[in-house]
file data14.cif (mmCIF, C-alpha atoms)
data_run
#
loop_
_atom_site.label_atom_id
_atom_site.label_comp_id
_atom_site.auth_asym_id
_atom_site.auth_seq_id
_atom_site.Cartn_x
_atom_site.Cartn_y
_atom_site.Cartn_z
CA MET D 1 -9.15 -125.85 -33.72
CA THR D 2 -12.60 -124.96 -34.98
CA LYS D 3 -12.86 -124.90 -38.75
CA LYS D 4 -13.39 -121.51 -40.35
CA ARG D 5 -16.93 -121.27 -41.71
CA VAL D 6 -16.99 -119.70 -45.14
CA GLY D 7 -20.33 -118.99 -46.82
CA VAL D 8 -20.55 -119.80 -50.55
CA VAL D 9 -23.47 -118.15 -52.33
CA LEU D 10 -24.85 -120.18 -55.24
CA SER D 11 -27.29 -118.96 -57.88
CA GLY D 12 -28.36 -122.13 -59.67
CA CYS D 13 -26.36 -124.76 -61.55
CA GLY D 14 -24.89 -123.83 -64.93
CA VAL D 15 -23.08 -120.83 -66.35
CA GLN D 16 -25.92 -119.55 -68.57
CA ASP D 17 -28.74 -119.45 -66.02
CA GLY D 18 -27.15 -120.22 -62.65
CA ALA D 19 -23.86 -120.48 -60.78
CA GLU D 20 -20.79 -121.16 -62.92
CA ILE D 21 -20.14 -124.79 -62.00
CA HIS D 22 -16.34 -124.72 -62.31
CA GLU D 23 -15.97 -121.55 -60.25
CA ALA D 24 -18.32 -122.83 -57.54
CA THR D 25 -16.75 -126.30 -57.39
CA LEU D 26 -13.18 -124.99 -57.30
CA THR D 27 -14.13 -122.59 -54.49
CA LEU D 28 -15.40 -125.58 -52.48
CA TYR D 29 -12.28 -127.58 -53.38
CA PHE D 30 -9.74 -124.96 -52.30
CA LEU D 31 -11.70 -124.24 -49.09
CA ASP D 32 -11.84 -127.91 -48.11
CA ARG D 33 -8.22 -128.52 -49.02
CA ALA D 34 -7.23 -125.64 -46.73
CA GLY D 35 -9.27 -127.07 -43.83
CA ALA D 36 -12.15 -124.58 -43.96
CA GLN D 37 -15.82 -125.49 -43.89
CA ALA D 38 -17.97 -124.31 -46.80
CA VAL D 39 -21.50 -123.21 -45.88
CA CYS D 40 -23.43 -123.32 -49.15
CA MET D 41 -26.53 -121.18 -49.52
CA ALA D 42 -28.89 -120.02 -52.27
CA PRO D 43 -32.19 -118.14 -52.43
CA ASP D 44 -35.41 -120.19 -52.50
CA MET D 45 -36.89 -118.66 -55.66
CA VAL D 46 -37.75 -119.51 -59.25
CA GLN D 47 -34.85 -119.01 -61.69
CA HIS D 48 -35.18 -116.09 -64.10
CA HIS D 49 -35.20 -118.69 -66.88
CA VAL D 50 -33.73 -122.03 -67.93
CA ILE D 51 -31.21 -122.18 -70.78
CA ASN D 52 -30.38 -125.31 -72.76
CA HIS D 53 -26.58 -125.30 -72.37
CA LEU D 54 -26.12 -127.45 -75.48
CA ASN D 55 -27.68 -125.04 -78.01
CA GLY D 56 -28.20 -121.82 -76.03
CA THR D 57 -31.98 -121.65 -76.46
CA VAL D 58 -34.37 -120.65 -73.68
CA SER D 59 -36.40 -123.59 -72.43
CA ASP D 60 -39.98 -123.44 -71.12
CA GLU D 61 -38.94 -125.35 -67.99
CA VAL D 62 -39.29 -123.85 -64.52
CA ARG D 63 -36.50 -124.51 -62.02
CA ASN D 64 -35.79 -123.29 -58.49
CA VAL D 65 -32.45 -121.64 -57.64
CA LEU D 66 -32.05 -123.39 -54.26
CA VAL D 67 -33.01 -126.81 -55.66
CA GLU D 68 -30.62 -126.56 -58.63
CA SER D 69 -27.82 -125.12 -56.47
CA ALA D 70 -28.18 -128.23 -54.28
CA ARG D 71 -26.67 -130.21 -57.20
CA ILE D 72 -23.37 -128.37 -56.76
CA ALA D 73 -23.60 -128.62 -52.96
CA ARG D 74 -24.50 -132.35 -53.00
CA GLY D 75 -27.62 -131.51 -50.96
CA LYS D 76 -25.75 -129.69 -48.17
CA ILE D 77 -27.20 -126.23 -48.65
CA GLN D 78 -29.45 -123.80 -46.86
CA ASP D 79 -31.89 -121.08 -47.79
CA LEU D 80 -29.95 -117.81 -48.04
CA ALA D 81 -32.74 -116.05 -46.10
CA THR D 82 -31.90 -118.11 -42.98
CA VAL D 83 -28.20 -117.19 -42.85
CA GLN D 84 -26.83 -114.41 -40.64
CA ALA D 85 -23.35 -112.90 -40.76
CA GLU D 86 -22.67 -113.96 -37.17
CA GLN D 87 -22.73 -117.62 -38.33
CA LEU D 88 -19.91 -117.03 -40.82
CA ASP D 89 -16.22 -116.10 -40.77
CA ALA D 90 -16.20 -115.04 -44.42
CA LEU D 91 -18.35 -115.08 -47.56
CA ILE D 92 -17.50 -115.96 -51.19
CA LEU D 93 -19.62 -115.35 -54.29
CA PRO D 94 -18.77 -117.49 -57.34
CA GLY D 95 -19.92 -116.17 -60.72
CA GLY D 96 -22.16 -117.31 -63.56
CA PHE D 97 -25.15 -115.60 -65.18
CA GLY D 98 -27.24 -116.66 -62.17
CA VAL D 99 -25.51 -113.85 -60.28
CA ALA D 100 -26.70 -111.38 -62.92
CA LYS D 101 -30.17 -112.90 -63.49
CA ASN D 102 -31.25 -114.49 -60.19
CA LEU D 103 -29.26 -112.72 -57.46
CA SER D 104 -29.53 -109.33 -59.18
CA ASN D 105 -30.80 -107.66 -62.35
CA LEU D 106 -27.28 -106.94 -63.67
CA ALA D 107 -27.90 -108.90 -66.90
CA PHE D 108 -30.79 -106.71 -67.95
CA GLY D 109 -29.00 -103.38 -68.30
CA ASP D 110 -31.27 -101.39 -65.95
CA ALA D 111 -29.64 -98.20 -64.71
CA ALA D 112 -30.79 -99.05 -61.17
CA VAL D 113 -29.03 -102.27 -60.13
CA GLN D 114 -31.17 -104.37 -57.76
CA VAL D 115 -29.59 -107.03 -55.54
CA HIS D 116 -31.65 -109.85 -53.97
CA PRO D 117 -32.71 -108.29 -50.62
CA ALA D 118 -31.50 -111.13 -48.35
CA LEU D 119 -28.11 -111.23 -50.08
CA ARG D 120 -27.79 -107.44 -49.95
CA HIS D 121 -28.55 -107.56 -46.23
CA LEU D 122 -26.02 -110.35 -45.62
CA LEU D 123 -23.29 -108.52 -47.55
CA LYS D 124 -23.90 -105.32 -45.56
CA GLU D 125 -23.80 -107.30 -42.30
CA MET D 126 -20.54 -109.01 -43.29
CA HIS D 127 -18.95 -105.73 -44.30
CA GLN D 128 -20.06 -103.94 -41.14
CA ALA D 129 -18.60 -106.79 -39.07
CA HIS D 130 -15.34 -106.36 -41.03
CA LYS D 131 -15.48 -109.98 -42.18
CA PRO D 132 -13.75 -110.93 -45.46
CA ILE D 133 -15.70 -111.10 -48.71
CA GLY D 134 -14.50 -112.73 -51.93
CA ALA D 135 -16.20 -112.18 -55.29
CA ILE D 136 -15.49 -114.09 -58.50
CA CYS D 137 -16.22 -113.36 -62.18
CA ILE D 138 -19.29 -111.05 -62.48
CA SER D 139 -19.97 -111.09 -58.71
CA PRO D 140 -17.81 -108.01 -57.98
CA ALA D 141 -20.41 -105.97 -59.92
CA LEU D 142 -23.13 -107.28 -57.59
CA LEU D 143 -20.95 -106.57 -54.56
CA SER D 144 -20.39 -103.03 -55.83
CA ALA D 145 -24.14 -102.48 -56.09
CA ALA D 146 -24.81 -103.93 -52.62
CA LEU D 147 -22.06 -101.82 -51.01
CA ALA D 148 -22.37 -98.70 -53.17
CA GLY D 149 -20.38 -95.68 -52.09
CA GLU D 150 -17.97 -97.63 -49.89
CA GLY D 151 -14.92 -97.10 -52.12
CA LEU D 152 -14.13 -100.80 -52.46
CA LEU D 153 -11.28 -101.72 -54.81
CA LEU D 154 -12.60 -104.41 -57.17
CA THR D 155 -11.79 -106.17 -60.44
CA ILE D 156 -14.00 -107.52 -63.16
CA GLY D 157 -11.06 -108.23 -65.46
CA GLN D 158 -11.12 -106.00 -68.53
CA ASP D 159 -14.80 -105.36 -69.24
CA ALA D 160 -14.94 -101.57 -69.63
CA GLU D 161 -18.73 -101.23 -69.37
CA THR D 162 -18.98 -103.19 -66.12
CA ALA D 163 -15.95 -101.34 -64.75
CA THR D 164 -17.72 -98.03 -65.48
CA GLY D 165 -20.75 -99.26 -63.53
CA ILE D 166 -18.52 -100.09 -60.55
CA GLU D 167 -16.99 -96.60 -60.58
CA ALA D 168 -20.45 -95.02 -60.95
CA ALA D 169 -21.56 -96.87 -57.81
CA GLY D 170 -18.83 -95.19 -55.80
CA ASN D 171 -16.33 -98.03 -55.83
CA ARG D 172 -13.00 -98.36 -57.66
CA HIS D 173 -12.04 -100.70 -60.51
CA GLN D 174 -8.61 -102.16 -61.24
CA GLU D 175 -7.98 -104.08 -64.46
CA SER D 176 -6.58 -107.58 -64.07
CA GLY D 177 -5.75 -110.76 -65.95
CA ALA D 178 -7.40 -114.15 -65.56
CA VAL D 179 -5.02 -115.57 -62.97
CA ASP D 180 -4.76 -112.39 -60.86
CA ILE D 181 -6.53 -111.30 -57.70
CA VAL D 182 -7.18 -107.72 -56.65
CA VAL D 183 -6.93 -107.22 -52.90
CA ASP D 184 -8.55 -104.42 -50.90
CA PRO D 185 -7.00 -104.89 -47.44
CA HIS D 186 -8.86 -101.98 -45.87
CA HIS D 187 -12.27 -103.48 -46.68
CA LYS D 188 -11.08 -107.13 -46.57
CA VAL D 189 -12.42 -107.67 -50.07
CA VAL D 190 -10.68 -109.84 -52.70
CA THR D 191 -11.85 -110.32 -56.27
CA THR D 192 -10.79 -112.31 -59.34
CA ALA D 193 -12.06 -112.22 -62.92
CA ALA D 194 -12.10 -116.00 -63.55
CA TYR D 195 -14.29 -116.73 -66.61
CA MET D 196 -14.74 -112.99 -67.27
CA CYS D 197 -11.43 -113.47 -69.08
CA ALA D 198 -10.01 -116.96 -68.39
CA SER D 199 -9.25 -119.09 -71.44
CA GLY D 200 -9.98 -122.26 -69.53
CA ILE D 201 -10.65 -123.87 -66.16
CA GLY D 202 -6.94 -123.97 -65.26
CA GLU D 203 -6.66 -120.18 -65.44
CA ALA D 204 -9.94 -119.68 -63.60
CA GLY D 205 -8.73 -122.05 -60.89
CA ALA D 206 -5.43 -120.21 -60.47
CA GLY D 207 -7.21 -116.98 -59.54
CA ILE D 208 -9.77 -118.73 -57.34
CA GLU D 209 -7.02 -120.58 -55.46
CA LYS D 210 -5.34 -117.25 -54.61
CA LEU D 211 -8.67 -115.68 -53.66
CA VAL D 212 -9.48 -118.50 -51.21
CA GLN D 213 -5.98 -118.28 -49.71
CA GLN D 214 -6.40 -114.53 -49.17
CA ILE D 215 -9.82 -114.99 -47.56
CA LEU D 216 -8.37 -117.53 -45.10
CA VAL D 217 -5.39 -115.27 -44.28
CA TRP D 218 -7.94 -112.69 -43.08
CA CYS D 219 -10.11 -115.17 -41.14
CA MET V 1 3.52 -129.89 -79.26
CA THR V 2 -0.02 -131.07 -79.88
CA LYS V 3 -2.15 -131.24 -76.77
CA LYS V 4 -3.16 -134.68 -75.60
CA ARG V 5 -6.87 -135.24 -76.21
CA VAL V 6 -8.55 -136.90 -73.25
CA GLY V 7 -12.20 -137.89 -73.49
CA VAL V 8 -14.36 -137.19 -70.42
CA VAL V 9 -17.64 -139.11 -70.33
CA LEU V 10 -20.47 -137.27 -68.57
CA SER V 11 -23.81 -138.75 -67.51
CA GLY V 12 -25.89 -135.70 -66.58
CA CYS V 13 -25.33 -132.97 -64.01
CA GLY V 14 -25.71 -133.84 -60.33
CA VAL V 15 -24.64 -136.72 -58.11
CA GLN V 16 -28.10 -138.27 -57.62
CA ASP V 17 -29.22 -138.56 -61.24
CA GLY V 18 -26.20 -137.56 -63.34
CA ALA V 19 -22.47 -137.01 -63.29
CA GLU V 20 -20.97 -136.13 -59.90
CA ILE V 21 -20.24 -132.43 -60.46
CA HIS V 22 -17.12 -132.20 -58.25
CA GLU V 23 -15.51 -135.30 -59.78
CA ALA V 24 -16.25 -134.15 -63.33
CA THR V 25 -15.10 -130.56 -62.72
CA LEU V 26 -11.90 -131.58 -60.96
CA THR V 27 -11.10 -133.98 -63.80
CA LEU V 28 -11.39 -131.07 -66.25
CA TYR V 29 -9.34 -128.83 -63.93
CA PHE V 30 -6.41 -131.22 -63.51
CA LEU V 31 -6.39 -132.02 -67.26
CA ASP V 32 -6.32 -128.34 -68.25
CA ARG V 33 -3.72 -127.46 -65.64
CA ALA V 34 -1.48 -130.21 -67.06
CA GLY V 35 -1.85 -128.88 -70.61
CA ALA V 36 -4.19 -131.60 -71.91
CA GLN V 37 -7.39 -130.98 -73.86
CA ALA V 38 -10.60 -132.41 -72.43
CA VAL V 39 -13.07 -133.77 -74.97
CA CYS V 40 -16.41 -133.88 -73.14
CA MET V 41 -19.08 -136.28 -74.36
CA ALA V 42 -22.40 -137.69 -73.17
CA PRO V 43 -25.18 -139.82 -74.68
CA ASP V 44 -28.13 -138.04 -76.29
CA MET V 45 -30.90 -139.76 -74.29
CA VAL V 46 -33.52 -139.06 -71.65
CA GLN V 47 -32.23 -139.38 -68.07
CA HIS V 48 -33.51 -142.37 -66.10
CA HIS V 49 -35.16 -139.85 -63.77
CA VAL V 50 -34.69 -136.42 -62.18
CA ILE V 51 -33.99 -136.14 -58.46
CA ASN V 52 -34.52 -132.99 -56.40
CA HIS V 53 -31.07 -132.68 -54.80
CA LEU V 54 -32.41 -130.58 -51.93
CA ASN V 55 -34.84 -133.15 -50.51
CA GLY V 56 -34.04 -136.38 -52.39
CA THR V 57 -37.49 -136.84 -53.95
CA VAL V 58 -38.05 -137.97 -57.52
CA SER V 59 -39.38 -135.17 -59.71
CA ASP V 60 -41.75 -135.57 -62.65
CA GLU V 61 -39.44 -133.52 -64.87
CA VAL V 62 -37.86 -134.97 -67.99
CA ARG V 63 -34.24 -134.03 -68.75
CA ASN V 64 -31.75 -135.11 -71.40
CA VAL V 65 -28.33 -136.48 -70.41
CA LEU V 66 -26.41 -134.62 -73.14
CA VAL V 67 -28.22 -131.31 -72.49
CA GLU V 68 -27.65 -131.44 -68.72
CA SER V 69 -24.05 -132.61 -69.13
CA ALA V 70 -23.48 -129.49 -71.26
CA ARG V 71 -23.83 -127.46 -68.03
CA ILE V 72 -20.63 -129.02 -66.69
CA ALA V 73 -18.92 -128.72 -70.09
CA ARG V 74 -20.01 -125.07 -70.60
CA GLY V 75 -21.57 -126.11 -73.90
CA LYS V 76 -18.40 -127.71 -75.32
CA ILE V 77 -19.62 -131.28 -75.56
CA GLN V 78 -20.45 -133.84 -78.20
CA ASP V 79 -22.78 -136.76 -78.58
CA LEU V 80 -20.99 -139.87 -77.30
CA ALA V 81 -22.24 -141.79 -80.35
CA THR V 82 -20.11 -139.62 -82.66
CA VAL V 83 -16.78 -140.24 -80.87
CA GLN V 84 -14.26 -142.84 -82.01
CA ALA V 85 -11.22 -144.06 -80.11
CA GLU V 86 -8.89 -142.88 -82.88
CA GLN V 87 -9.83 -139.26 -81.98
CA LEU V 88 -8.63 -139.68 -78.40
CA ASP V 89 -5.37 -140.30 -76.55
CA ALA V 90 -7.13 -141.45 -73.37
CA LEU V 91 -10.57 -141.66 -71.76
CA ILE V 92 -11.76 -140.80 -68.23
CA LEU V 93 -15.11 -141.63 -66.63
CA PRO V 94 -16.10 -139.51 -63.61
CA GLY V 95 -18.70 -140.98 -61.24
CA GLY V 96 -22.17 -140.09 -59.98
CA PHE V 97 -25.41 -142.07 -60.07
CA GLY V 98 -25.75 -141.11 -63.73
CA VAL V 99 -23.08 -143.74 -64.42
CA ALA V 100 -25.25 -146.36 -62.70
CA LYS V 101 -28.64 -145.13 -64.01
CA ASN V 102 -28.01 -143.57 -67.44
CA LEU V 103 -24.77 -145.10 -68.72
CA SER V 104 -25.61 -148.54 -67.33
CA ASN V 105 -28.17 -150.37 -65.20
CA LEU V 106 -25.78 -150.85 -62.25
CA ALA V 107 -28.10 -149.02 -59.84
CA PHE V 108 -30.94 -151.45 -60.36
CA GLY V 109 -29.32 -154.63 -59.09
CA ASP V 110 -29.90 -156.73 -62.22
CA ALA V 111 -27.63 -159.77 -62.39
CA ALA V 112 -26.88 -158.92 -66.05
CA VAL V 113 -25.11 -155.56 -66.11
CA GLN V 114 -25.89 -153.58 -69.27
CA VAL V 115 -23.63 -150.75 -70.44
CA HIS V 116 -24.80 -148.06 -72.89
CA PRO V 117 -23.89 -149.63 -76.28
CA ALA V 118 -21.92 -146.65 -77.68
CA LEU V 119 -19.90 -146.33 -74.47
CA ARG V 120 -19.27 -150.07 -74.35
CA HIS V 121 -18.04 -149.94 -77.94
CA LEU V 122 -15.77 -146.93 -77.23
CA LEU V 123 -14.28 -148.59 -74.14
CA LYS V 124 -13.53 -151.77 -76.10
CA GLU V 125 -11.94 -149.73 -78.90
CA MET V 126 -9.79 -147.78 -76.43
CA HIS V 127 -8.69 -150.94 -74.67
CA GLN V 128 -7.88 -152.74 -77.93
CA ALA V 129 -5.80 -149.74 -79.02
CA HIS V 130 -3.98 -149.96 -75.67
CA LYS V 131 -4.96 -146.38 -74.82
CA PRO V 132 -5.22 -145.37 -71.15
CA ILE V 133 -8.58 -145.43 -69.35
CA GLY V 134 -9.31 -143.79 -66.00
CA ALA V 135 -12.43 -144.54 -63.96
CA ILE V 136 -13.61 -142.66 -60.86
CA CYS V 137 -16.06 -143.52 -58.06
CA ILE V 138 -18.64 -146.07 -59.31
CA SER V 139 -17.31 -146.00 -62.91
CA PRO V 140 -14.85 -148.89 -62.37
CA ALA V 141 -17.90 -151.16 -61.98
CA LEU V 142 -19.14 -150.02 -65.40
CA LEU V 143 -15.68 -150.50 -66.88
CA SER V 144 -15.57 -154.00 -65.43
CA ALA V 145 -18.86 -154.86 -67.10
CA ALA V 146 -17.78 -153.38 -70.45
CA LEU V 147 -14.45 -155.24 -70.39
CA ALA V 148 -15.57 -158.41 -68.64
CA GLY V 149 -13.06 -161.25 -68.49
CA GLU V 150 -10.03 -159.06 -69.19
CA GLY V 151 -8.50 -159.39 -65.70
CA LEU V 152 -8.32 -155.64 -65.08
CA LEU V 153 -7.12 -154.55 -61.64
CA LEU V 154 -9.68 -152.03 -60.34
CA THR V 155 -10.78 -150.30 -57.15
CA ILE V 156 -14.18 -149.19 -55.97
CA GLY V 157 -12.90 -148.28 -52.49
CA GLN V 158 -14.31 -150.58 -49.84
CA ASP V 159 -17.77 -151.54 -51.09
CA ALA V 160 -17.80 -155.34 -50.74
CA GLU V 161 -20.88 -155.96 -52.88
CA THR V 162 -19.60 -153.95 -55.85
CA ALA V 163 -16.16 -155.53 -55.45
CA THR V 164 -17.79 -158.98 -55.66
CA GLY V 165 -19.48 -157.96 -58.91
CA ILE V 166 -16.14 -156.88 -60.35
CA GLU V 167 -14.55 -160.23 -59.46
CA ALA V 168 -17.58 -162.08 -60.86
CA ALA V 169 -17.07 -160.26 -64.19
CA GLY V 170 -13.58 -161.69 -64.49
CA ASN V 171 -11.68 -158.66 -63.25
CA ARG V 172 -9.78 -158.10 -60.00
CA HIS V 173 -10.59 -155.76 -57.11
CA GLN V 174 -8.15 -154.05 -54.75
CA GLU V 175 -9.40 -152.15 -51.69
CA SER V 176 -8.29 -148.54 -51.42
CA GLY V 177 -8.79 -145.34 -49.43
CA ALA V 178 -10.28 -142.09 -50.68
CA VAL V 179 -7.03 -140.43 -51.74
CA ASP V 180 -5.48 -143.53 -53.35
CA ILE V 181 -5.30 -144.70 -56.94
CA VAL V 182 -5.03 -148.29 -58.11
CA VAL V 183 -2.87 -148.69 -61.20
CA ASP V 184 -3.01 -151.56 -63.67
CA PRO V 185 0.04 -150.89 -65.87
CA HIS V 186 -0.53 -153.89 -68.12
CA HIS V 187 -3.98 -152.70 -69.18
CA LYS V 188 -3.19 -148.98 -68.75
CA VAL V 189 -6.17 -148.62 -66.43
CA VAL V 190 -6.19 -146.38 -63.34
CA THR V 191 -9.06 -146.06 -60.86
CA THR V 192 -9.86 -144.06 -57.72
CA ALA V 193 -12.76 -144.34 -55.28
CA ALA V 194 -13.43 -140.58 -54.83
CA TYR V 195 -16.92 -140.12 -53.33
CA MET V 196 -17.34 -143.88 -52.91
CA CYS V 197 -15.46 -143.19 -49.68
CA ALA V 198 -14.18 -139.57 -49.64
CA SER V 199 -15.26 -137.46 -46.66
CA GLY V 200 -15.16 -134.29 -48.77
CA ILE V 201 -14.15 -132.68 -52.03
CA GLY V 202 -10.51 -132.27 -50.91
CA GLU V 203 -10.06 -136.02 -50.54
CA ALA V 204 -11.90 -136.74 -53.78
CA GLY V 205 -9.67 -134.22 -55.55
CA ALA V 206 -6.48 -135.79 -54.19
CA GLY V 207 -7.29 -139.13 -55.83
CA ILE V 208 -8.49 -137.55 -59.07
CA GLU V 209 -5.33 -135.44 -59.33
CA LYS V 210 -3.19 -138.60 -59.12
CA LEU V 211 -5.43 -140.40 -61.61
CA VAL V 212 -5.10 -137.60 -64.18
CA GLN V 213 -1.33 -137.51 -63.68
CA GLN V 214 -1.11 -141.27 -64.28
CA ILE V 215 -3.25 -141.03 -67.42
CA LEU V 216 -0.95 -138.36 -68.86
CA VAL V 217 2.20 -140.33 -68.00
CA TRP V 218 0.83 -143.07 -70.26
CA CYS V 219 -0.24 -140.75 -73.08
#
call {"tool": "encode", "arguments": {"input": "data14.cif", "output": "structure tokens"}}
result
Amino acid sequence: MTKKRVGVVLSGCGVQDGAEIHEATLTLYFLDRAGAQAVCMAPDMVQHHVINHLNGTVSDEVRNVLVESARIARGKIQDLATVQAEQLDALILPGGFGVAKNLSNLAFGDAAVQVHPALRHLLKEMHQAHKPIGAICISPALLSAALAGEGLLLTIGQDAETATGIEAAGNRHQESGAVDIVVDPHHKVVTTAAYMCASGIGEAGAGIEKLVQQILVWC
Amino acid sequence: MTKKRVGVVLSGCGVQDGAEIHEATLTLYFLDRAGAQAVCMAPDMVQHHVINHLNGTVSDEVRNVLVESARIARGKIQDLATVQAEQLDALILPGGFGVAKNLSNLAFGDAAVQVHPALRHLLKEMHQAHKPIGAICISPALLSAALAGEGLLLTIGQDAETATGIEAAGNRHQESGAVDIVVDPHHKVVTTAAYMCASGIGEAGAGIEKLVQQILVWC
């Protein structure tokens, strides 16, 4: 049997300025354990900034999102701009501030949410093809912006401000706890809050494990 | 009941020049899921070098082992030099080339293997206190050098050259597959080959899960 090909969108390497490493790694782990093939991708662009994760200060370094994401992917990664929906059976977006700083402008509080054009295009293609999409942590807010007005049922945990933004974009928000998933069977969309409210990696992993299982049920 | 405190020694962030991200993250995941507290640590020193994980070239960037390790630890990490064995119930070393380039000189083929002095001291303290030690991937070779002549039973998978080095240091090597652990109950040492021979993150995780379970049985 051919392995299911599940895209995993990375946004750097580190919670403060890139992909959340635990969420990304556990996504890859649960996919591989279930016999699916992860197809890692990231945009070839300069990171919004680099944060020293020891003391929280902004560094003057310049790093590239694709190059840093390759650390999580152990080098097996492709430029997001080269990926089409027809190559994938499903798509998962782990979280981290990279989602809100590199893949979108969510972190900056602009009323008009902008999503990286190639990612926005891929998400629309996936949705139109009725292929499953999973979004973790802050990624459901990006998904809501990319698929505004579609009436998707999403969770961001219990962050009222982000939930309001999701509703304003014409989607629906459901509160959830750290180990829960929220499933929208009509749109084949599943979301989990992970480090939006998890107290530790065990809780984050519990939600991500269920999310991956749901994605593969739909594949 | 007080949580067991298990030290996790990181060596950067990325398989080619630091800690192997999957091995480190899965160690933290299985510890947390089992109710143990991970105590992340890394040396405060400049990395041997920085490798672009997308194309394998050496970069001219300068990065610090403790600062980059903080990405995996989400900022909750301490300087290895400040940690004493009495603060820990056990110690685990994930792999990655950082173990062989930053925590030791294993990668450079010198006949005399040098281990970072603070780590060597901590490993000797742990061993003398008869506290459990787990080593993943290439880390058993470092452990062998730090505790030379002790007759530890270790595995590095199926790498004949590294196995010879372990035997030459007065320890014993046992071949193993990717999902196996090798247990030395006398010395309370457990090792697993992980990405020394794993075909993917699922296999690496299977060995690491068993290793963490064995560590906690001894705690």
call {"tool": "resolve_selection", "arguments": {"input": "data14.cif", "expression": "the PyMOL selection byres ((chain V and resi 46) around 10)", "output": "short mmCIF file (atom, residue, chain, number, x, y, z; two decimals) with C-alpha atoms, in the frame of the given file"}}
result
data_model
loop_
_atom_site.label_atom_id
_atom_site.label_comp_id
_atom_site.auth_asym_id
_atom_site.auth_seq_id
_atom_site.Cartn_x
_atom_site.Cartn_y
_atom_site.Cartn_z
CA GLY V 12 -25.89 -135.70 -66.58
CA PRO V 43 -25.18 -139.82 -74.68
CA ASP V 44 -28.13 -138.04 -76.29
CA MET V 45 -30.90 -139.76 -74.29
CA GLN V 47 -32.23 -139.38 -68.07
CA HIS V 48 -33.51 -142.37 -66.10
CA HIS V 49 -35.16 -139.85 -63.77
CA VAL V 50 -34.69 -136.42 -62.18
CA VAL V 62 -37.86 -134.97 -67.99
CA ARG V 63 -34.24 -134.03 -68.75
CA ASN V 64 -31.75 -135.11 -71.40
CA VAL V 65 -28.33 -136.48 -70.41
CA LEU V 66 -26.41 -134.62 -73.14
CA VAL V 67 -28.22 -131.31 -72.49
CA ASN V 102 -28.01 -143.57 -67.44
#
call {"tool": "closest_residue", "arguments": {"input": "data14.cif", "among": "V:Ala38, V:Gly75, V:Ala193, V:Ala85", "to": "Asn55 (chain D)", "atoms": "only C-alpha atoms"}}
result
V:Gly75
call {"tool": "interface_residues", "arguments": {"input": "data14.cif", "of": "chain V", "to": "chain D", "cutoff": "7 Å", "atoms": "only C-alpha atoms", "output": "compact mmCIF listing (two decimals) with C-alpha atoms, keeping the file's coordinate frame"}}
result
# COMPACT_ATOMS: atom_id res chain seq x y z
CA GLY V 14 -25.71 -133.84 -60.33
CA VAL V 15 -24.64 -136.72 -58.11
CA ILE V 21 -20.24 -132.43 -60.46
CA HIS V 22 -17.12 -132.20 -58.25
CA THR V 25 -15.10 -130.56 -62.72
CA TYR V 29 -9.34 -128.83 -63.93
CA ASP V 32 -6.32 -128.34 -68.25
CA ARG V 33 -3.72 -127.46 -65.64
CA ASN V 52 -34.52 -132.99 -56.40
CA HIS V 53 -31.07 -132.68 -54.80
CA LEU V 54 -32.41 -130.58 -51.93
CA VAL V 67 -28.22 -131.31 -72.49
CA ALA V 70 -23.48 -129.49 -71.26
CA ARG V 71 -23.83 -127.46 -68.03
CA ILE V 72 -20.63 -129.02 -66.69
CA ARG V 74 -20.01 -125.07 -70.60
CA GLY V 75 -21.57 -126.11 -73.90
CA ILE V 201 -14.15 -132.68 -52.03
CA GLY V 202 -10.51 -132.27 -50.91
call {"tool": "residues_around", "arguments": {"input": "data14.cif", "residues": "Pro185 (chain D)", "least_positions_apart": "4", "cutoff": "10 Å", "atoms": "only C-alpha atoms", "output": "list in words"}}
result
Pro132, Leu152, Leu153, Val189, Val190, Gln214 and Trp218 of chain D
call {"tool": "residues_around", "arguments": {"input": "data14.cif", "residues": "region 108-111 of chain D", "least_positions_apart": "5", "cutoff": "12 Å", "atoms": "all atoms listed in the file", "output": "list of chain:residue names"}}
result
D:His48, D:Phe97, D:Val99, D:Ala100, D:Lys101, D:Asn102, D:Ala145, D:Glu161, D:Thr162, D:Thr164, D:Gly165, D:Ala168, D:Ala169
